[in-house]
Amino acid sequence: MYEKQEKETNNFWGIQTCSCGLHFRVDRESALVYPVNTTSTQKFLTIGIPTIKRRDDSYLLETVMSLVANMAVEQQQEVIIVIMLADIDPENRKSVAEELYRSFEERIKSGQIQIIQPPSDFYEPLKVTKQTYKQGAEYVQWRAKQNFDYAFLMRFSANLSLYYMQLEDDVTTVSNYVNSIRKYIEQQTESWTCLEFSELGFIAKLYRSEDVVRLSQLLLMFYQEQPVDYTYLYFNMLTTQFQKRIRVPTLFQHRGIHSSFPGKVQHLKDRLFDQMEKKYKGDNPNATIYTTLQTYLSFMPQLAYSKTEGFFWSHGSPGEGDIFVVVFDEPQTVDRVIVDTGSENHPTDILASATLLASLTVLKNAERFDCTNDIPLGDFQDGRVEVKEVSEKVKFKIVCLQIKVTKQQSTWAIIREIAVFLRPN
């Protein structure tokens, strides 16, 4: 059962008479809207989503569908999605719960999706006496309630899995995002408190489960003074993580326009997000990548040639003579090459003037690769080049593929995918 401790009155929200529930407990069975079949095995990841029925648009079903559809079958046994109904109006809670059940009945019965709500006395009159950040009284009160929503959701979710990730109800994700999260965790070589998979607000922030209860206590301690997306930054610093650790490209894109605060419209987009799945999926034999272009953040050159995900993003505009080179570990008989630039979110960041060359020899030194004996394959058109029957144009095995910029451009450049197809034996 949910219990409010150290109180003098039954006013859960009154800052003069209540410890603000810093040590409250959540009975998981009582909090569940629908019973679920669960095992005692701890999962890999819990995704927590608070939701309120919005006045204009609803994004929740599409958010949950995106999470489920982009999860491999084997990952479904490792992930729990906990959706908290945060409406004060019980009728709104009921309608949202029924809509979720109609759409995801089997996943709810299996326990993969769990729908929860706080007890009936959780939302007693909220009285906030402080107005910080020059925000209006109604917004501050909405902001304060949000702290309690998150705290309840975190407390329910604690220890369901090794990791807990906070999400919003108006986002989309990418294919195989669970493996991308796992891989980023494994890549960490220094101690960390929070890993971020979106640059926006409190979207897609990941914590170890043992830290979630402490974070929830901090949210309740400063619910009047701080919005949630500020408090988590203070928590990170208190636990000695002084810099953000954002996985780029990010994995979740904000799509909601109408906020859960009535009347608030926000056009927030994560500039580090893009659909990363490769379109052409070439053979791409082992190779070393070299470029004279500077790299933006961690959009490394190797990602353009990767067969799974990611892309290269230049920091600054390519100039005449800049090169991007793929040096094969072994000479290859190439049948087809596709190079695609730009992206859905950054359609102008293309290679506007460039040519693709095949090279038969390469000179290596400590600083660079110089591919020589070049044979032109084709010029870029609208940021893309595709060359078929390469082996008819180049009678020898190819050592390098070289993209050479032929004219200074004003925009940065994304090399989204380099797909190399080998001639069958």
# chains A, B, ... in the order shown; residues from 1 in each chain; ligands from 1

$ residues_around --residues "Glu105 (chain A)" --least-positions-apart "5" --cutoff "12 Å" --atoms "only C-alpha atoms" --output "tab-separated table (two decimals) with N, CA and C atoms, in the first residue's frame"
chain	number	residue	atom	x	y	z
A	34	TYR	N	-4.36	-3.00	-14.38
A	34	TYR	CA	-4.72	-4.35	-14.83
A	34	TYR	C	-3.72	-5.35	-14.25
A	35	PRO	N	-4.20	-6.49	-13.77
A	35	PRO	CA	-3.26	-7.50	-13.28
A	35	PRO	C	-2.40	-8.03	-14.43
A	36	VAL	N	-1.18	-8.43	-14.12
A	36	VAL	CA	-0.26	-8.90	-15.16
A	36	VAL	C	0.38	-10.20	-14.72
A	97	ALA	N	-6.76	4.17	-20.11
A	97	ALA	CA	-6.44	2.78	-19.78
A	97	ALA	C	-7.16	1.82	-20.72
A	98	GLU	N	-8.43	2.07	-20.97
A	98	GLU	CA	-9.20	1.19	-21.86
A	98	GLU	C	-8.66	1.24	-23.28
A	99	GLU	N	-8.26	2.40	-23.72
A	99	GLU	CA	-7.69	2.54	-25.06
A	99	GLU	C	-6.39	1.77	-25.19
A	100	LEU	N	-5.56	1.85	-24.16
A	100	LEU	CA	-4.31	1.09	-24.16
A	100	LEU	C	-4.59	-0.41	-24.16
A	110	SER	N	0.78	-10.12	-20.51
A	110	SER	CA	2.08	-10.76	-20.30
A	110	SER	C	2.97	-10.01	-19.31
A	111	GLY	N	2.63	-8.74	-19.05
A	111	GLY	CA	3.43	-7.93	-18.15
A	111	GLY	C	4.48	-7.09	-18.83
A	112	GLN	N	4.60	-7.22	-20.16
A	112	GLN	CA	5.57	-6.39	-20.86
A	112	GLN	C	5.18	-4.91	-20.77
A	113	ILE	N	3.88	-4.63	-20.86
A	113	ILE	CA	3.35	-3.29	-20.64
A	113	ILE	C	2.55	-3.30	-19.35
A	114	GLN	N	2.87	-2.41	-18.42
A	114	GLN	CA	2.16	-2.31	-17.15
A	114	GLN	C	1.59	-0.90	-17.01
A	115	ILE	N	0.33	-0.82	-16.70
A	115	ILE	CA	-0.37	0.46	-16.54
A	115	ILE	C	-0.62	0.67	-15.06

$ closest_atom_pairs --of "region 233-344 of chain A" --to "region 174-197 of chain A" --cutoff "12 Å" --atoms "only C-alpha atoms" --output "Markdown table"
| residue | atom | partner | partner_atom | distance |
| --- | --- | --- | --- | --- |
| A:Leu233 | CA | A:Cys194 | CA | 9.1 |
| A:Tyr234 | CA | A:Cys194 | CA | 11.3 |
| A:Phe235 | CA | A:Thr193 | CA | 8.7 |
| A:Asn236 | CA | A:Thr193 | CA | 6.1 |
| A:Met237 | CA | A:Thr193 | CA | 8.9 |
| A:Leu238 | CA | A:Thr193 | CA | 9.7 |
| A:Thr239 | CA | A:Thr193 | CA | 6.8 |
| A:Thr240 | CA | A:Thr193 | CA | 8.0 |
| A:Gln241 | CA | A:Trp192 | CA | 6.1 |
| A:Phe242 | CA | A:Trp192 | CA | 9.5 |
| A:Gln243 | CA | A:Trp192 | CA | 9.6 |
| A:Lys244 | CA | A:Glu196 | CA | 7.5 |
| A:Arg245 | CA | A:Leu195 | CA | 5.4 |
| A:Ile246 | CA | A:Glu196 | CA | 4.6 |
| A:Arg247 | CA | A:Phe197 | CA | 5.4 |
| A:Val248 | CA | A:Phe197 | CA | 7.5 |
| A:Pro249 | CA | A:Phe197 | CA | 8.2 |
| A:Thr250 | CA | A:Phe197 | CA | 5.0 |
| A:Leu251 | CA | A:Phe197 | CA | 5.5 |
| A:Phe252 | CA | A:Phe197 | CA | 6.6 |
| A:Gln253 | CA | A:Val174 | CA | 8.9 |
| A:His254 | CA | A:Phe197 | CA | 11.6 |
| A:Asp270 | CA | A:Phe197 | CA | 10.2 |
| A:Leu272 | CA | A:Phe197 | CA | 9.6 |
| A:Phe273 | CA | A:Phe197 | CA | 9.2 |
| A:Asp274 | CA | A:Val174 | CA | 8.4 |
| A:Gln275 | CA | A:Val174 | CA | 6.2 |
| A:Met276 | CA | A:Val174 | CA | 7.2 |
| A:Glu277 | CA | A:Ser175 | CA | 6.9 |
| A:Lys278 | CA | A:Ser175 | CA | 10.4 |
| A:Thr308 | CA | A:Asn176 | CA | 9.9 |
| A:Glu309 | CA | A:Ser180 | CA | 9.3 |
| A:Gly310 | CA | A:Ser180 | CA | 10.7 |

$ select_by_dssp --residues "region 209-337 of chain A" --states "strand (DSSP E or B)" --output "MDAnalysis selection string"
chainID A and resid 246 250 252:254 258 265 273 287:291 295 312:314 323:332 334:337

$ write_last_selection --atoms "N, CA, C and O atoms" --output "compact mmCIF listing (two decimals), in the first residue's frame"
# COMPACT_ATOMS: atom_id res chain seq x y z
N ILE A 246 25.72 12.14 -23.75
CA ILE A 246 24.64 11.95 -24.72
C ILE A 246 25.12 11.03 -25.83
O ILE A 246 26.15 11.27 -26.45
N THR A 250 21.15 10.46 -31.42
CA THR A 250 20.21 10.12 -30.36
C THR A 250 19.17 9.12 -30.88
O THR A 250 19.03 8.91 -32.09
N PHE A 252 15.70 8.91 -29.71
CA PHE A 252 14.29 9.26 -29.54
C PHE A 252 14.05 10.68 -30.03
O PHE A 252 14.79 11.59 -29.70
N GLN A 253 12.99 10.83 -30.82
CA GLN A 253 12.63 12.14 -31.34
C GLN A 253 11.31 12.61 -30.75
O GLN A 253 10.33 11.86 -30.71
N HIS A 254 11.31 13.84 -30.27
CA HIS A 254 10.09 14.45 -29.74
C HIS A 254 9.17 14.83 -30.91
O HIS A 254 9.61 15.43 -31.89
N HIS A 258 1.39 19.92 -28.83
CA HIS A 258 0.58 20.44 -27.73
C HIS A 258 1.04 19.81 -26.42
O HIS A 258 1.00 18.60 -26.24
N VAL A 265 2.06 25.41 -26.58
CA VAL A 265 2.45 24.81 -27.85
C VAL A 265 3.97 24.84 -27.94
O VAL A 265 4.59 25.87 -27.66
N PHE A 273 19.02 13.72 -33.61
CA PHE A 273 18.28 12.50 -33.96
C PHE A 273 18.15 12.36 -35.46
O PHE A 273 17.98 13.34 -36.18
N ALA A 287 37.51 -2.35 -44.09
CA ALA A 287 38.23 -1.22 -44.69
C ALA A 287 38.61 -0.22 -43.61
O ALA A 287 38.03 -0.20 -42.52
N THR A 288 39.56 0.64 -43.94
CA THR A 288 39.94 1.78 -43.11
C THR A 288 39.37 3.04 -43.74
O THR A 288 39.43 3.21 -44.96
N ILE A 289 38.82 3.90 -42.92
CA ILE A 289 38.20 5.13 -43.41
C ILE A 289 39.09 6.32 -43.06
O ILE A 289 39.57 6.44 -41.93
N TYR A 290 39.25 7.20 -44.03
CA TYR A 290 40.05 8.41 -43.83
C TYR A 290 39.34 9.59 -44.50
O TYR A 290 38.76 9.45 -45.57
N THR A 291 39.40 10.77 -43.86
CA THR A 291 38.83 11.97 -44.45
C THR A 291 39.59 13.21 -44.01
O THR A 291 40.16 13.23 -42.90
N THR A 295 35.17 16.22 -37.94
CA THR A 295 34.03 15.45 -37.46
C THR A 295 33.23 16.25 -36.44
O THR A 295 33.79 16.85 -35.53
N PHE A 312 28.12 9.83 -40.93
CA PHE A 312 29.17 10.82 -40.70
C PHE A 312 28.60 12.21 -40.90
O PHE A 312 27.83 12.45 -41.82
N TRP A 313 29.00 13.15 -40.02
CA TRP A 313 28.56 14.54 -40.13
C TRP A 313 29.79 15.43 -40.01
O TRP A 313 30.52 15.37 -39.02
N SER A 314 30.01 16.24 -41.01
CA SER A 314 31.18 17.12 -40.99
C SER A 314 30.93 18.33 -40.10
O SER A 314 29.82 18.85 -40.03
N ILE A 323 38.53 15.21 -49.22
CA ILE A 323 38.30 13.83 -49.63
C ILE A 323 37.73 13.00 -48.49
O ILE A 323 37.92 13.31 -47.31
N PHE A 324 37.05 11.95 -48.87
CA PHE A 324 36.56 10.93 -47.95
C PHE A 324 36.91 9.60 -48.60
O PHE A 324 36.44 9.30 -49.70
N VAL A 325 37.74 8.79 -47.94
CA VAL A 325 38.35 7.64 -48.58
C VAL A 325 38.02 6.36 -47.84
O VAL A 325 38.09 6.29 -46.61
N VAL A 326 37.68 5.32 -48.60
CA VAL A 326 37.52 3.96 -48.09
C VAL A 326 38.68 3.13 -48.63
O VAL A 326 38.78 2.92 -49.85
N VAL A 327 39.58 2.68 -47.75
CA VAL A 327 40.74 1.89 -48.14
C VAL A 327 40.49 0.44 -47.72
O VAL A 327 40.47 0.12 -46.52
N PHE A 328 40.27 -0.43 -48.69
CA PHE A 328 39.96 -1.83 -48.38
C PHE A 328 41.17 -2.52 -47.76
O PHE A 328 42.32 -2.28 -48.15
N ASP A 329 40.91 -3.42 -46.81
CA ASP A 329 41.99 -4.22 -46.23
C ASP A 329 42.64 -5.11 -47.28
O ASP A 329 43.86 -5.35 -47.26
N GLU A 330 41.82 -5.60 -48.20
CA GLU A 330 42.29 -6.40 -49.33
C GLU A 330 41.67 -5.84 -50.61
O GLU A 330 40.52 -5.42 -50.59
N PRO A 331 42.40 -5.82 -51.73
CA PRO A 331 41.82 -5.33 -52.99
C PRO A 331 40.54 -6.11 -53.33
O PRO A 331 40.45 -7.31 -53.10
N GLN A 332 39.56 -5.40 -53.87
CA GLN A 332 38.24 -5.99 -54.09
C GLN A 332 37.77 -5.83 -55.53
O GLN A 332 38.07 -4.83 -56.19
N VAL A 334 34.66 -4.96 -57.33
CA VAL A 334 33.43 -4.26 -56.94
C VAL A 334 32.43 -4.28 -58.08
O VAL A 334 32.79 -4.03 -59.24
N ASP A 335 31.19 -4.57 -57.76
CA ASP A 335 30.13 -4.61 -58.78
C ASP A 335 29.29 -3.33 -58.79
O ASP A 335 28.92 -2.84 -59.85
N ARG A 336 29.00 -2.78 -57.58
CA ARG A 336 28.13 -1.60 -57.52
C ARG A 336 28.49 -0.79 -56.28
O ARG A 336 28.87 -1.34 -55.25
N VAL A 337 28.36 0.54 -56.39
CA VAL A 337 28.62 1.45 -55.27
C VAL A 337 27.50 2.48 -55.19
O VAL A 337 27.10 3.05 -56.22

$ closest_residue --among "A:Cys400, A:Val212, A:Leu303, A:Ala352" --to "Asp379 (chain A)" --atoms "only C-alpha atoms"
A:Ala352

$ residues_around --residues "Ser317 (chain A)" --least-positions-apart "4" --cutoff "10 Å" --atoms "only C-alpha atoms" --output "list in words"
Leu293, Gln294, Asp322, Asp349, Leu351, Gln408, Gln409, Ser410, Thr411, Trp412 and Ala413 of chain A

$ residues_around --residues "Glu417 (chain A)" --least-positions-apart "5" --cutoff "8 Å" --atoms "only C-alpha atoms" --output "ChimeraX atom specification"
/A:278-280,304-306,311,338-341

$ select_by_dssp --residues "region 93-277 of chain A" --states "alpha helix (DSSP H)" --output "PyMOL selection string"
chain A and resi 93-110+137-157+177-187+209-221+228-238

$ residues_around --residues "Ile47 (chain A)" --least-positions-apart "3" --cutoff "12 Å" --atoms "only C-alpha atoms" --output "ChimeraX atom specification"
/A:43-44,50,63-64,67-68,78-84,112-115,153-154,156-158,160-169,178,181,203-207,209

$ closest_residue --among "A:Gln42, A:Gln117, A:Thr172, A:Thr333" --to "Leu422 (chain A)" --atoms "only C-alpha atoms"
A:Thr333

$ decode --residues "region 124-147 of chain A" --atoms "N, CA, C and O atoms" --output "compact mmCIF listing (two decimals), in the first residue's frame"
# COMPACT_ATOMS: atom_id res chain seq x y z
N GLU A 124 -4.19 15.31 -3.63
CA GLU A 124 -4.94 16.24 -2.80
C GLU A 124 -4.58 17.65 -3.23
O GLU A 124 -3.64 17.84 -4.01
N PRO A 125 -5.30 18.68 -2.79
CA PRO A 125 -5.04 20.05 -3.28
C PRO A 125 -3.57 20.43 -3.17
O PRO A 125 -2.97 20.36 -2.10
N LEU A 126 -3.01 20.81 -4.29
CA LEU A 126 -1.60 21.18 -4.35
C LEU A 126 -1.46 22.68 -4.16
O LEU A 126 -1.96 23.47 -4.96
N LYS A 127 -0.79 23.06 -3.09
CA LYS A 127 -0.61 24.48 -2.78
C LYS A 127 0.87 24.82 -2.85
O LYS A 127 1.66 24.37 -2.03
N VAL A 128 1.25 25.61 -3.85
CA VAL A 128 2.64 26.01 -4.03
C VAL A 128 2.77 27.47 -3.66
O VAL A 128 2.00 28.32 -4.14
N THR A 129 3.70 27.78 -2.79
CA THR A 129 3.86 29.16 -2.32
C THR A 129 5.00 29.90 -2.99
O THR A 129 5.14 31.11 -2.82
N LYS A 130 5.82 29.19 -3.76
CA LYS A 130 6.96 29.82 -4.41
C LYS A 130 6.76 29.86 -5.92
O LYS A 130 6.20 28.92 -6.51
N GLN A 131 7.22 30.95 -6.52
CA GLN A 131 7.21 31.05 -7.98
C GLN A 131 8.64 31.35 -8.44
O GLN A 131 9.12 32.47 -8.29
N THR A 132 9.29 30.34 -9.00
CA THR A 132 10.67 30.49 -9.45
C THR A 132 10.73 30.57 -10.97
O THR A 132 9.78 30.21 -11.67
N TYR A 133 11.85 31.08 -11.46
CA TYR A 133 12.10 31.22 -12.90
C TYR A 133 11.08 32.13 -13.60
O TYR A 133 10.84 31.99 -14.79
N LYS A 134 10.45 33.01 -12.80
CA LYS A 134 9.50 33.99 -13.34
C LYS A 134 8.37 33.32 -14.12
O LYS A 134 7.86 33.84 -15.11
N GLN A 135 7.96 32.14 -13.65
CA GLN A 135 6.87 31.41 -14.30
C GLN A 135 5.58 31.63 -13.53
O GLN A 135 5.59 31.78 -12.31
N GLY A 136 4.46 31.66 -14.25
CA GLY A 136 3.17 31.95 -13.66
C GLY A 136 2.73 30.90 -12.66
O GLY A 136 3.21 29.76 -12.65
N ALA A 137 1.77 31.28 -11.81
CA ALA A 137 1.33 30.41 -10.71
C ALA A 137 0.76 29.09 -11.23
O ALA A 137 1.05 28.02 -10.68
N GLU A 138 -0.05 29.14 -12.29
CA GLU A 138 -0.65 27.91 -12.82
C GLU A 138 0.41 26.98 -13.37
O GLU A 138 0.37 25.75 -13.17
N TYR A 139 1.39 27.55 -14.06
CA TYR A 139 2.45 26.71 -14.63
C TYR A 139 3.32 26.11 -13.52
O TYR A 139 3.71 24.94 -13.59
N VAL A 140 3.62 26.90 -12.50
CA VAL A 140 4.43 26.39 -11.39
C VAL A 140 3.72 25.25 -10.68
O VAL A 140 4.33 24.26 -10.28
N GLN A 141 2.39 25.38 -10.53
CA GLN A 141 1.63 24.31 -9.89
C GLN A 141 1.64 23.05 -10.75
O GLN A 141 1.81 21.93 -10.25
N TRP A 142 1.46 23.22 -12.07
CA TRP A 142 1.54 22.08 -13.00
C TRP A 142 2.91 21.44 -12.93
O TRP A 142 3.05 20.22 -12.89
N ARG A 143 3.94 22.27 -12.88
CA ARG A 143 5.32 21.81 -12.81
C ARG A 143 5.59 21.04 -11.51
O ARG A 143 6.28 20.01 -11.51
N ALA A 144 5.02 21.53 -10.39
CA ALA A 144 5.20 20.87 -9.10
C ALA A 144 4.54 19.49 -9.10
O ALA A 144 5.12 18.51 -8.61
N LYS A 145 3.33 19.40 -9.65
CA LYS A 145 2.65 18.11 -9.73
C LYS A 145 3.47 17.12 -10.56
O LYS A 145 3.52 15.92 -10.25
N GLN A 146 4.10 17.61 -11.59
CA GLN A 146 4.90 16.74 -12.45
C GLN A 146 6.01 16.06 -11.65
O GLN A 146 6.34 14.89 -11.88
N ASN A 147 6.60 16.78 -10.68
CA ASN A 147 7.61 16.18 -9.83
C ASN A 147 7.06 14.97 -9.08
O ASN A 147 7.74 13.94 -8.95
